[in-house]
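What follows is one structure encoded as structure tokens, with my remarks underneath.
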Amino acid sequence: PVPESHANQTSRCTPQITFVPTMQNDMKTDIKQKTKADSTYYYFKSTPADVAKNYVPQKINPEDKMPTQTARAPVKNTTGSTWNKMGTWEEKDYSKWAQDRLKDLLKAADCTKTSTCSLKISEVTKADGDATILFLRGKKRVGFDIEIKAKWKGKVNGKSVSGHIQIPLDSDDWPDDVEIDYTVEKTDCDHHMEARRYMRATKASIVKQLEIFYEELNNK
């Protein structure tokens with residue numbers, strides 16, 4: 001037997017362990033008590049039971065008569081191909097026609113002609129890009145993206161002058177933001193710079209030719 005004095009000493013030395021609820025344990029208990037409908041993890045909450053019962057799948061009887069459905073009226077298409085009566089997607093390529101037509105129109109543009117100045121567009125060196133007509137849902141959309149480069153030449157005060165024209169023709173910028181860049185062969189000559197000023201004055205004439213191109217393409 002252990003002496004009483006020794007037993008009392010042992011009991012006094014043994015630590016007393018007491019479990020105290022922690023905040024983490026409380027949170028776990030709260031989460032377990034929440035139902036799925038109360039969850040905020042998902043953006044959309046679960047459908048309440050009284051509403052969900054209205055959407056229970058039902059078996060279809062093949063002998064039952066199906067409800068009559070109104071047929072969709074076809075889109076009237078008077079501009080696309082005859083096969084495209086529903087007016088669905090249809091794209092027509094007019095790139096080659098556009099390139100050739102722009103060359104002819106620009107060479108025919110009226111340039112400055114006075115007693116001291118005579119200028120003209122002598123050659124269209126480049127007309128590369130795409131031109132298409134898109135038919136979609138009975139509507140027609142004209143689109144083009146063509147880079148044009150040309151040469152101009154003439155005489156100012158009896159002296160020969162020459163230069164270049166560059167036009168980035170884009171249907172997204174048409175017709176309000178058409179840009180035409182004029183350059184000269186020699187920037188250190190007064191008569192060349194004067195010719196450039198005359199060529200800039202021909203912008204309205206060139207834009208008029210571009211408008212003819214757009215109208216003809218739109219009528220395709």
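Going by the structure tokens order, chains are called A, B, ..., each with residues numbered from 1, while ligands are numbered from 1 in the order shown.
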
Fewer than 2 positions away in the same chain doesn't count, so skip those; otherwise give me all residues within 6 Å of range 98-107 of chain A, counting only C-alpha atoms, as a ChimeraX atom specification.
/A:95-96,109,121,124,127,209

Could you please write out, as a list in words, every residue of range 42-186 of chain A that DSSP assigns to alpha helix (DSSP H)?
Ala49, Asp50, Val51, Ala52, Ser95, Lys96, Trp97, Ala98, Gln99, Asp100, Arg101, Leu102, Lys103, Asp104, Leu105, Leu106 and Lys107 of chain A

Please produce an output containing N, CA and C atoms for each residue in the selection, written as a short mmCIF file (atom, residue, chain, number, x, y, z; two decimals), in the first residue's frame.
data_model
loop_
_atom_site.label_atom_id
_atom_site.label_comp_id
_atom_site.auth_asym_id
_atom_site.auth_seq_id
_atom_site.Cartn_x
_atom_site.Cartn_y
_atom_site.Cartn_z
N ALA A 49 -38.51 23.49 -52.56
CA ALA A 49 -39.20 22.23 -52.88
C ALA A 49 -40.59 22.47 -53.45
N ASP A 50 -41.31 23.48 -52.95
CA ASP A 50 -42.66 23.72 -53.45
C ASP A 50 -42.67 24.23 -54.88
N VAL A 51 -41.55 24.82 -55.33
CA VAL A 51 -41.45 25.28 -56.71
C VAL A 51 -40.90 24.17 -57.60
N ALA A 52 -39.97 23.39 -57.09
CA ALA A 52 -39.34 22.33 -57.88
C ALA A 52 -40.33 21.27 -58.31
N SER A 95 -13.63 41.18 -105.31
CA SER A 95 -12.31 41.79 -105.15
C SER A 95 -11.67 42.13 -106.50
N LYS A 96 -11.69 41.19 -107.42
CA LYS A 96 -11.07 41.43 -108.72
C LYS A 96 -11.76 42.57 -109.47
N TRP A 97 -13.08 42.58 -109.44
CA TRP A 97 -13.81 43.66 -110.08
C TRP A 97 -13.47 45.00 -109.44
N ALA A 98 -13.40 45.04 -108.11
CA ALA A 98 -13.13 46.29 -107.40
C ALA A 98 -11.75 46.83 -107.74
N GLN A 99 -10.76 45.96 -107.79
CA GLN A 99 -9.40 46.40 -108.10
C GLN A 99 -9.30 47.01 -109.50
N ASP A 100 -9.91 46.35 -110.48
CA ASP A 100 -9.87 46.87 -111.85
C ASP A 100 -10.69 48.15 -111.99
N ARG A 101 -11.84 48.19 -111.33
CA ARG A 101 -12.71 49.36 -111.46
C ARG A 101 -12.09 50.59 -110.81
N LEU A 102 -11.44 50.43 -109.69
CA LEU A 102 -10.80 51.57 -109.02
C LEU A 102 -9.68 52.15 -109.86
N LYS A 103 -8.95 51.30 -110.54
CA LYS A 103 -7.87 51.80 -111.42
C LYS A 103 -8.43 52.69 -112.52
N ASP A 104 -9.52 52.24 -113.13
CA ASP A 104 -10.13 53.04 -114.21
C ASP A 104 -10.70 54.35 -113.68
N LEU A 105 -11.36 54.29 -112.55
CA LEU A 105 -12.01 55.50 -112.01
C LEU A 105 -10.99 56.55 -111.58
N LEU A 106 -9.92 56.13 -110.95
CA LEU A 106 -8.93 57.11 -110.47
C LEU A 106 -8.19 57.77 -111.63
N LYS A 107 -7.91 57.03 -112.66
CA LYS A 107 -7.23 57.63 -113.81
C LYS A 107 -8.12 58.65 -114.51
#
